[in-house]
>>> print(open('query.txt').read())   # compact mmCIF, C-alpha atoms
# COMPACT_ATOMS: atom_id res chain seq x y z
CA MET T 1 -58.73 -35.19 23.85
CA ASN T 2 -58.25 -31.59 25.00
CA GLU T 3 -58.71 -28.42 22.93
CA THR T 4 -55.29 -28.79 21.31
CA GLY T 5 -56.05 -32.34 20.20
CA ARG T 6 -53.64 -33.86 22.70
CA PRO T 7 -54.98 -36.60 25.00
CA GLN T 8 -56.23 -35.39 28.35
CA ASP T 9 -53.69 -34.86 31.08
CA PHE T 10 -53.41 -37.21 34.06
CA PRO T 11 -51.66 -39.97 32.16
CA LEU T 12 -52.04 -43.58 33.17
CA SER T 13 -49.27 -44.10 35.68
CA ASN T 14 -50.06 -47.33 37.53
CA PRO T 15 -48.61 -50.32 35.68
CA ARG T 16 -50.79 -52.65 37.79
CA ALA T 17 -54.08 -50.97 36.89
CA ASP T 18 -56.84 -53.17 35.44
CA ARG T 19 -56.83 -51.28 32.13
CA VAL T 20 -53.10 -51.86 31.77
CA ARG T 21 -53.48 -55.57 32.48
CA GLU T 22 -56.30 -55.88 29.96
CA VAL T 23 -54.13 -54.40 27.23
CA ALA T 24 -51.14 -56.53 28.23
CA ARG T 25 -53.23 -59.72 27.93
CA LEU T 26 -53.48 -59.13 24.18
CA ALA T 27 -49.89 -60.36 23.93
CA GLY T 28 -51.44 -63.80 24.47
CA ARG T 29 -53.48 -65.61 21.83
CA PRO T 30 -56.47 -66.55 24.05
CA ALA T 31 -57.22 -62.91 24.82
CA ARG T 32 -56.74 -61.92 21.19
CA LEU T 33 -59.18 -64.55 19.95
CA LYS T 34 -61.75 -63.74 22.62
CA ARG T 35 -61.70 -60.00 22.00
CA ARG T 36 -60.65 -60.04 18.32
CA GLN T 37 -58.09 -57.39 19.09
CA PHE T 38 -54.30 -57.24 18.87
CA LEU T 39 -51.43 -54.89 19.70
CA ALA T 40 -49.48 -52.64 17.35
CA GLU T 41 -46.32 -51.27 18.99
CA GLY T 42 -44.00 -48.46 17.95
CA PRO T 43 -44.43 -45.37 15.75
CA GLN T 44 -44.26 -47.14 12.37
CA ALA T 45 -46.88 -49.79 13.09
CA VAL T 46 -49.19 -47.40 14.93
CA ARG T 47 -48.90 -44.77 12.20
CA GLU T 48 -49.97 -47.27 9.53
CA ALA T 49 -52.78 -48.57 11.75
CA LEU T 50 -54.10 -45.06 12.33
CA ALA T 51 -53.76 -44.11 8.66
CA LEU T 52 -55.91 -47.11 7.72
CA HIS T 53 -58.30 -46.20 10.53
CA GLN T 54 -58.78 -42.72 9.11
CA ARG T 55 -59.20 -43.98 5.53
CA ARG T 56 -61.93 -46.34 6.61
CA LEU T 57 -63.73 -43.70 8.64
CA ALA T 58 -63.59 -41.33 5.66
CA ALA T 59 -65.15 -44.08 3.51
CA GLY T 60 -67.94 -44.58 6.04
CA GLU T 61 -66.54 -47.92 7.20
CA PRO T 62 -65.72 -49.08 10.74
CA GLY T 63 -62.28 -48.06 11.96
CA VAL T 64 -59.54 -50.49 12.94
CA VAL T 65 -58.03 -48.83 16.03
CA ASP T 66 -59.89 -48.78 19.35
CA GLU T 67 -57.31 -47.38 21.76
CA VAL T 68 -54.00 -45.54 21.62
CA TYR T 69 -51.60 -45.11 24.54
CA SER T 70 -48.67 -42.76 24.11
CA SER T 71 -45.99 -41.04 26.13
CA GLU T 72 -45.78 -37.25 26.13
CA GLU T 73 -42.29 -37.53 24.64
CA CYS T 74 -43.59 -39.58 21.71
CA LEU T 75 -46.28 -37.01 20.91
CA ASP T 76 -43.69 -34.25 21.03
CA ARG T 77 -41.55 -36.18 18.57
CA TYR T 78 -44.43 -37.28 16.31
CA PRO T 79 -47.10 -34.57 16.52
CA GLU T 80 -49.02 -36.08 13.59
CA PHE T 81 -50.33 -38.77 15.92
CA GLU T 82 -52.60 -36.24 17.62
CA GLU T 83 -54.62 -35.81 14.43
CA LEU T 84 -54.35 -39.42 13.32
CA ALA T 85 -55.71 -40.65 16.66
CA GLU T 86 -59.00 -38.76 16.25
CA GLY T 87 -61.90 -41.17 16.53
CA THR T 88 -60.07 -43.46 18.95
CA SER T 89 -59.79 -43.59 22.72
CA ALA T 90 -56.39 -41.88 23.14
CA ARG T 91 -54.62 -41.64 26.48
CA LEU T 92 -51.26 -40.47 27.72
CA ALA T 93 -49.33 -43.13 29.60
CA SER T 94 -46.12 -43.25 31.59
CA ASP T 95 -43.13 -45.20 30.35
CA GLU T 96 -43.73 -47.75 33.12
CA VAL T 97 -47.30 -48.31 31.94
CA LEU T 98 -46.26 -48.66 28.32
CA ALA T 99 -43.59 -51.17 29.30
CA ALA T 100 -46.19 -53.17 31.23
CA MET T 101 -48.58 -53.17 28.27
CA ALA T 102 -46.06 -54.01 25.57
CA ASP T 103 -44.64 -57.32 24.44
CA THR T 104 -41.23 -55.68 23.99
CA VAL T 105 -38.89 -54.27 26.61
CA ASN T 106 -38.79 -50.90 24.82
CA PRO T 107 -42.19 -50.16 23.19
CA GLN T 108 -40.96 -46.89 21.62
CA GLY T 109 -43.50 -44.71 23.35
CA ILE T 110 -46.77 -45.70 21.68
CA ILE T 111 -49.13 -48.69 21.54
CA ALA T 112 -52.44 -49.18 19.73
CA VAL T 113 -55.18 -51.70 20.40
CA CYS T 114 -56.42 -52.75 16.95
CA ARG T 115 -59.28 -54.86 15.64
CA PHE T 116 -58.65 -58.03 13.66
CA LEU T 117 -58.14 -57.28 9.98
CA ASP T 118 -58.31 -60.65 8.21
CA VAL T 119 -60.75 -61.16 5.38
CA SER T 120 -62.32 -64.20 3.71
CA LEU T 121 -60.88 -66.07 0.77
CA ASP T 122 -64.03 -65.18 -1.16
CA GLN T 123 -63.26 -61.47 -0.74
CA VAL T 124 -59.70 -61.88 -2.00
CA LEU T 125 -60.60 -63.95 -5.05
CA ALA T 126 -63.55 -61.72 -5.93
CA ALA T 127 -61.12 -58.82 -6.33
CA GLY T 128 -59.27 -60.62 -9.14
CA PRO T 129 -55.79 -60.81 -7.58
CA ARG T 130 -52.73 -60.98 -9.81
CA LEU T 131 -50.14 -61.87 -7.16
CA VAL T 132 -50.72 -63.75 -3.90
CA ALA T 133 -48.25 -65.07 -1.32
CA VAL T 134 -49.36 -68.26 0.42
CA LEU T 135 -47.72 -69.36 3.67
CA CYS T 136 -48.14 -73.11 4.18
CA GLN T 137 -47.61 -74.19 7.79
CA VAL T 138 -45.15 -71.36 8.44
CA ARG T 139 -44.66 -71.36 12.21
CA ASP T 140 -42.18 -68.59 12.99
CA PRO T 141 -43.85 -65.19 13.60
CA GLY T 142 -40.79 -63.28 12.42
CA ASN T 143 -40.70 -65.18 9.14
CA ALA T 144 -44.43 -64.73 8.55
CA GLY T 145 -44.15 -61.01 9.17
CA THR T 146 -41.13 -60.72 6.89
CA VAL T 147 -42.90 -62.47 4.02
CA LEU T 148 -45.97 -60.27 4.47
CA ARG T 149 -43.73 -57.19 4.33
CA ALA T 150 -42.03 -58.50 1.18
CA ALA T 151 -45.42 -59.21 -0.41
CA ASP T 152 -46.49 -55.65 0.34
CA ALA T 153 -43.29 -54.23 -1.16
CA ALA T 154 -43.72 -56.37 -4.29
CA GLY T 155 -47.26 -55.05 -4.77
CA ALA T 156 -48.97 -58.36 -4.02
CA ASP T 157 -52.74 -58.29 -3.72
CA ALA T 158 -53.05 -60.54 -0.68
CA VAL T 159 -51.31 -62.90 1.71
CA VAL T 160 -52.91 -66.23 2.61
CA LEU T 161 -51.93 -68.31 5.65
CA THR T 162 -53.03 -71.93 5.69
CA ALA T 163 -54.24 -73.81 8.73
CA SER T 164 -51.46 -74.62 11.24
CA SER T 165 -49.56 -71.47 10.30
CA VAL T 166 -48.54 -68.94 12.93
CA ASP T 167 -50.98 -66.37 14.30
CA ILE T 168 -50.23 -63.24 12.26
CA TYR T 169 -51.48 -61.16 15.21
CA ASN T 170 -48.66 -62.44 17.39
CA PRO T 171 -46.82 -59.29 18.57
CA LYS T 172 -43.56 -60.43 17.00
CA ALA T 173 -45.28 -61.09 13.67
CA VAL T 174 -46.97 -57.68 13.77
CA ARG T 175 -43.64 -55.98 14.46
CA SER T 176 -41.95 -57.92 11.65
CA THR T 177 -44.46 -56.62 9.12
CA ALA T 178 -43.27 -53.04 9.87
CA GLY T 179 -46.79 -51.74 9.26
CA SER T 180 -47.46 -53.78 6.12
CA LEU T 181 -50.16 -55.75 7.96
CA PHE T 182 -52.31 -52.64 7.51
CA HIS T 183 -51.68 -52.40 3.75
CA LEU T 184 -53.01 -55.56 2.11
CA PRO T 185 -55.68 -58.21 2.72
CA VAL T 186 -54.75 -61.24 4.81
CA VAL T 187 -56.62 -64.57 4.86
CA LEU T 188 -56.15 -66.89 7.84
CA GLY T 189 -56.71 -70.63 8.26
CA ALA T 190 -57.17 -71.38 4.56
CA ASP T 191 -57.25 -74.92 3.21
CA ALA T 192 -54.36 -75.20 0.74
CA ALA T 193 -56.11 -77.70 -1.54
CA GLU T 194 -59.29 -75.62 -1.74
CA PHE T 195 -57.29 -72.48 -2.40
CA ALA T 196 -55.30 -74.06 -5.24
CA ALA T 197 -58.45 -75.46 -6.84
CA ARG T 198 -60.21 -72.10 -6.72
CA CYS T 199 -57.16 -70.38 -8.16
CA ARG T 200 -57.21 -72.71 -11.17
CA ASP T 201 -60.91 -72.12 -11.66
CA GLN T 202 -60.15 -68.41 -11.80
CA GLY T 203 -57.14 -68.67 -14.13
CA ILE T 204 -54.54 -68.03 -11.43
CA GLY T 205 -51.39 -70.12 -11.77
CA VAL T 206 -49.98 -71.86 -8.70
CA LEU T 207 -46.20 -72.03 -8.25
CA ALA T 208 -44.36 -73.80 -5.42
CA ALA T 209 -41.07 -72.34 -4.22
CA ASP T 210 -38.97 -75.48 -3.86
CA GLY T 211 -35.20 -75.82 -3.71
CA TYR T 212 -35.46 -79.06 -5.70
CA GLY T 213 -37.86 -77.65 -8.27
CA GLN T 214 -37.56 -78.59 -11.92
CA LEU T 215 -37.81 -74.98 -13.11
CA ASN T 216 -34.99 -72.54 -12.45
CA LEU T 217 -36.33 -69.08 -11.57
CA ASP T 218 -33.52 -67.20 -13.31
CA ARG T 219 -33.97 -69.23 -16.50
CA LEU T 220 -37.71 -68.71 -16.31
CA GLN T 221 -37.24 -64.94 -16.11
CA ASP T 222 -34.80 -65.01 -19.04
CA GLU T 223 -37.27 -66.99 -21.16
CA ASN T 224 -40.07 -64.59 -20.34
CA ALA T 225 -37.91 -61.55 -21.11
CA ALA T 226 -36.77 -62.97 -24.46
CA ARG T 227 -40.34 -63.78 -25.46
CA ARG T 228 -41.62 -60.32 -24.57
CA LEU T 229 -38.80 -58.68 -26.54
CA GLY T 230 -39.52 -60.85 -29.54
CA ALA T 231 -36.09 -62.47 -29.33
CA SER T 232 -37.64 -65.90 -29.01
CA ALA T 233 -40.80 -67.44 -30.41
CA ALA T 234 -40.61 -70.41 -28.05
CA PRO T 235 -43.20 -70.34 -25.27
CA SER T 236 -41.92 -70.03 -21.74
CA ALA T 237 -42.42 -72.95 -19.38
CA TYR T 238 -44.55 -70.58 -17.32
CA PRO T 239 -45.55 -66.99 -18.23
CA LEU T 240 -44.59 -65.03 -15.13
CA GLU T 241 -46.79 -62.13 -16.14
CA GLN T 242 -49.96 -64.16 -15.60
CA PRO T 243 -51.85 -64.00 -12.26
CA THR T 244 -49.90 -66.19 -9.84
CA ALA T 245 -50.11 -67.57 -6.33
CA TRP T 246 -46.76 -68.56 -4.82
CA LEU T 247 -46.68 -71.33 -2.20
CA PHE T 248 -44.02 -71.00 0.52
CA GLY T 249 -43.43 -73.80 2.98
CA ASN T 250 -42.48 -74.47 6.55
CA GLU T 251 -39.08 -73.12 7.63
CA ALA T 252 -37.62 -76.53 8.48
CA GLN T 253 -39.40 -79.02 6.21
CA GLY T 254 -40.42 -76.79 3.31
CA LEU T 255 -43.57 -77.69 1.42
CA SER T 256 -45.01 -81.14 2.05
CA ALA T 257 -45.50 -83.63 -0.75
CA GLU T 258 -49.22 -82.89 -0.66
CA GLU T 259 -48.63 -79.16 -0.92
CA LEU T 260 -46.12 -79.57 -3.76
CA ALA T 261 -48.69 -81.63 -5.65
CA LEU T 262 -51.07 -78.65 -5.61
CA ALA T 263 -48.73 -76.53 -7.74
CA ASP T 264 -48.63 -76.25 -11.51
CA HIS T 265 -44.83 -76.06 -11.30
CA ARG T 266 -42.09 -76.36 -8.70
CA VAL T 267 -39.63 -73.48 -9.04
CA ALA T 268 -36.14 -73.32 -7.54
CA VAL T 269 -34.27 -70.13 -6.71
CA PRO T 270 -30.71 -70.85 -7.86
CA VAL T 271 -27.93 -70.73 -5.28
CA TYR T 272 -24.61 -69.74 -6.86
CA GLY T 273 -22.48 -69.69 -3.72
CA ALA T 274 -21.73 -72.19 -0.97
CA ALA T 275 -24.89 -71.59 1.09
CA GLU T 276 -27.02 -74.67 1.53
CA SER T 277 -30.22 -72.73 0.87
CA LEU T 278 -31.99 -69.40 1.26
CA ASN T 279 -34.10 -68.62 4.28
CA LEU T 280 -37.85 -68.32 3.85
CA GLY T 281 -38.01 -64.53 3.82
CA THR T 282 -35.27 -64.16 1.22
CA ALA T 283 -36.62 -66.87 -1.07
CA ALA T 284 -40.14 -65.43 -0.89
CA THR T 285 -38.86 -61.95 -1.72
CA VAL T 286 -36.98 -63.18 -4.80
CA CYS T 287 -39.97 -65.17 -6.07
CA LEU T 288 -42.53 -62.43 -5.49
CA TYR T 289 -40.36 -59.81 -7.15
CA ALA T 290 -39.83 -62.05 -10.18
CA SER T 291 -43.58 -62.15 -10.72
CA ALA T 292 -44.06 -58.49 -9.82
CA ARG T 293 -41.43 -57.37 -12.32
CA SER T 294 -42.96 -59.42 -15.11
CA GLN T 295 -46.42 -58.09 -14.34
CA GLN T 296 -45.41 -54.44 -14.60
CA PRO T 297 -46.82 -52.66 -17.69
CA GLY T 298 -44.26 -52.48 -20.48
CA SER T 299 -41.87 -54.89 -18.83
>>> encode(input="query.txt", output="structure tokens")
Amino acid sequence: MNETGRPQDFPLSNPRADRVREVARLAGRPARLKRRQFLAEGPQAVREALALHQRRLAAGEPGVVDEVYSSEECLDRYPEFEELAEGTSARLASDEVLAAMADTVNPQGIIAVCRFLDVSLDQVLAAGPRLVAVLCQVRDPGNAGTVLRAADAAGADAVVLTASSVDIYNPKAVRSTAGSLFHLPVVLGADAAEFAARCRDQGIGVLAADGYGQLNLDRLQDENAARRLGASAAPSAYPLEQPTAWLFGNEAQGLSAEELALADHRVAVPVYGAAESLNLGTAATVCLYASARSQQPGS
């Protein structure tokens, strides 16, 4: 960085340079696994990555961003990046270099090389989570990123991906999270049966989002609301305010029979129109918000 905080002049300008190729390789899973690094592209994702980086440094913890590459135009438009990028290796880069590094055609002027963020299941459960989204064999990176973003918006405490699910560090998945990947803990490669068993041991209910479920989510919310208001003395089939882990299944097949058997209840989101079903991201959002609303103080 120079005296003004802006990266040194002489921006990277050769899209075939070794450094550029090394960054570009992180679009592929083998390089990501070997180096335990991934790419964050665009102002929103990079801003959230750098904000987390600075919070961790301030707490005396290792940062999460190793390198930042930005165009001069991007820094002019978002001057806050100059301060946020302190403690990283920051370089100016030409548009051609950024295009060569990025997974997208238009990388929006800034790219960060970040360290893997996933944590262990032990860490998540030790924190006493009240709401967890579990992706069971979800293969599409866009869907995984969308559910993670919805979980973040709903105030979930963690997202868990079981074995055979998509790599959350896939560039498309990272983009789909819109920065939420840097907001909440993520567990990768979990065993669904082990997770469900440990949830029960800890008093966390397990619900399966299933279009053929015996419980209707709307009715469940109505029952919970009536009970909380004292309008009904009858117990709800499931108290939505209790700590809950929601299981969401594969985009095409949904949850397997084995995965459904892990749940305390199978819950259906009602479809009132002519649509055959809801897509994964929409269904997950509705389910997570149902729990989040019930868990709010005074609700």
>>> atom_distance(input="query.txt", atom1="atom CA of Leu247 of chain T", atom2="atom CA of Gly273 of chain T")
24.3 Å
>>> closest_residue(input="query.txt", among="T:Ala144, T:Arg149, T:Asp18, T:Tyr169", to="Gln37 of chain T", atoms="all atoms listed in the file")
T:Tyr169
>>> closest_residue(input="query.txt", among="T:Cys287, T:Val20, T:Leu75, T:Leu125", to="Ala197 of chain T", atoms="all atoms listed in the file")
T:Leu125
>>> atom_distance(input="query.txt", atom1="atom CA of Met101 of chain T", atom2="atom CA of Leu188 of chain T")
25.7 Å
>>> residues_around(input="query.txt", residues="Pro30 of chain T", least_positions_apart="5", cutoff="12 Å", atoms="all atoms listed in the file", output="compact mmCIF listing (two decimals) with C-alpha atoms, in the coordinates of the input")
# COMPACT_ATOMS: atom_id res chain seq x y z
CA ARG T 25 -53.23 -59.72 27.93
CA ARG T 35 -61.70 -60.00 22.00
CA ARG T 36 -60.65 -60.04 18.32
CA GLN T 37 -58.09 -57.39 19.09
CA PHE T 38 -54.30 -57.24 18.87
CA ASP T 167 -50.98 -66.37 14.30
CA TYR T 169 -51.48 -61.16 15.21
CA ASN T 170 -48.66 -62.44 17.39
>>> residues_around(input="query.txt", residues="Cys199 of chain T", least_positions_apart="2", cutoff="12 Å", atoms="only C-alpha atoms", output="PDB file with C-alpha atoms, keeping the file's coordinate frame")
ATOM      1  CA  LEU T 121     -60.880 -66.070   0.770  1.00  0.00           C
ATOM      2  CA  ASP T 122     -64.030 -65.180  -1.160  1.00  0.00           C
ATOM      3  CA  VAL T 124     -59.700 -61.880  -2.000  1.00  0.00           C
ATOM      4  CA  LEU T 125     -60.600 -63.950  -5.050  1.00  0.00           C
ATOM      5  CA  ALA T 126     -63.550 -61.720  -5.930  1.00  0.00           C
ATOM      6  CA  GLY T 128     -59.270 -60.620  -9.140  1.00  0.00           C
ATOM      7  CA  PRO T 129     -55.790 -60.810  -7.580  1.00  0.00           C
ATOM      8  CA  ARG T 130     -52.730 -60.980  -9.810  1.00  0.00           C
ATOM      9  CA  LEU T 131     -50.140 -61.870  -7.160  1.00  0.00           C
ATOM     10  CA  VAL T 132     -50.720 -63.750  -3.900  1.00  0.00           C
ATOM     11  CA  VAL T 134     -49.360 -68.260   0.420  1.00  0.00           C
ATOM     12  CA  ALA T 192     -54.360 -75.200   0.740  1.00  0.00           C
ATOM     13  CA  ALA T 193     -56.110 -77.700  -1.540  1.00  0.00           C
ATOM     14  CA  GLU T 194     -59.290 -75.620  -1.740  1.00  0.00           C
ATOM     15  CA  PHE T 195     -57.290 -72.480  -2.400  1.00  0.00           C
ATOM     16  CA  ALA T 196     -55.300 -74.060  -5.240  1.00  0.00           C
ATOM     17  CA  ALA T 197     -58.450 -75.460  -6.840  1.00  0.00           C
ATOM     18  CA  ASP T 201     -60.910 -72.120 -11.660  1.00  0.00           C
ATOM     19  CA  GLN T 202     -60.150 -68.410 -11.800  1.00  0.00           C
ATOM     20  CA  GLY T 203     -57.140 -68.670 -14.130  1.00  0.00           C
ATOM     21  CA  ILE T 204     -54.540 -68.030 -11.430  1.00  0.00           C
ATOM     22  CA  GLY T 205     -51.390 -70.120 -11.770  1.00  0.00           C
ATOM     23  CA  VAL T 206     -49.980 -71.860  -8.700  1.00  0.00           C
ATOM     24  CA  LEU T 207     -46.200 -72.030  -8.250  1.00  0.00           C
ATOM     25  CA  PRO T 243     -51.850 -64.000 -12.260  1.00  0.00           C
ATOM     26  CA  THR T 244     -49.900 -66.190  -9.840  1.00  0.00           C
ATOM     27  CA  ALA T 245     -50.110 -67.570  -6.330  1.00  0.00           C
ATOM     28  CA  TRP T 246     -46.760 -68.560  -4.820  1.00  0.00           C
ATOM     29  CA  LEU T 262     -51.070 -78.650  -5.610  1.00  0.00           C
ATOM     30  CA  ALA T 263     -48.730 -76.530  -7.740  1.00  0.00           C
ATOM     31  CA  ASP T 264     -48.630 -76.250 -11.510  1.00  0.00           C
TER      32      ASP T 264
END
>>> closest_residue(input="query.txt", among="T:Gly63, T:Gly249, T:Gly230, T:Pro141", to="Asp210 of chain T", atoms="all atoms listed in the file")
T:Gly249
>>> atom_distance(input="query.txt", atom1="atom CA of Asn143 of chain T", atom2="atom CA of Leu215 of chain T")
24.5 Å
>>> closest_residue(input="query.txt", among="T:Val174, T:Cys74, T:Ala158, T:Val269", to="Ser94 of chain T", atoms="only C-alpha atoms")
T:Cys74
>>> closest_residue(input="query.txt", among="T:Leu220, T:Ala275, T:Ala154, T:Ala45", to="Ser176 of chain T", atoms="only C-alpha atoms")
T:Ala45
>>> residues_around(input="query.txt", residues="Ser180 of chain T", least_positions_apart="6", cutoff="8 Å", atoms="only C-alpha atoms", output="PyMOL selection string")
chain T and resi 48+148-149+152
>>> closest_residue(input="query.txt", among="T:Ile110, T:Cys136, T:Ala209, T:Ala274", to="Tyr78 of chain T", atoms="all atoms listed in the file")
T:Ile110
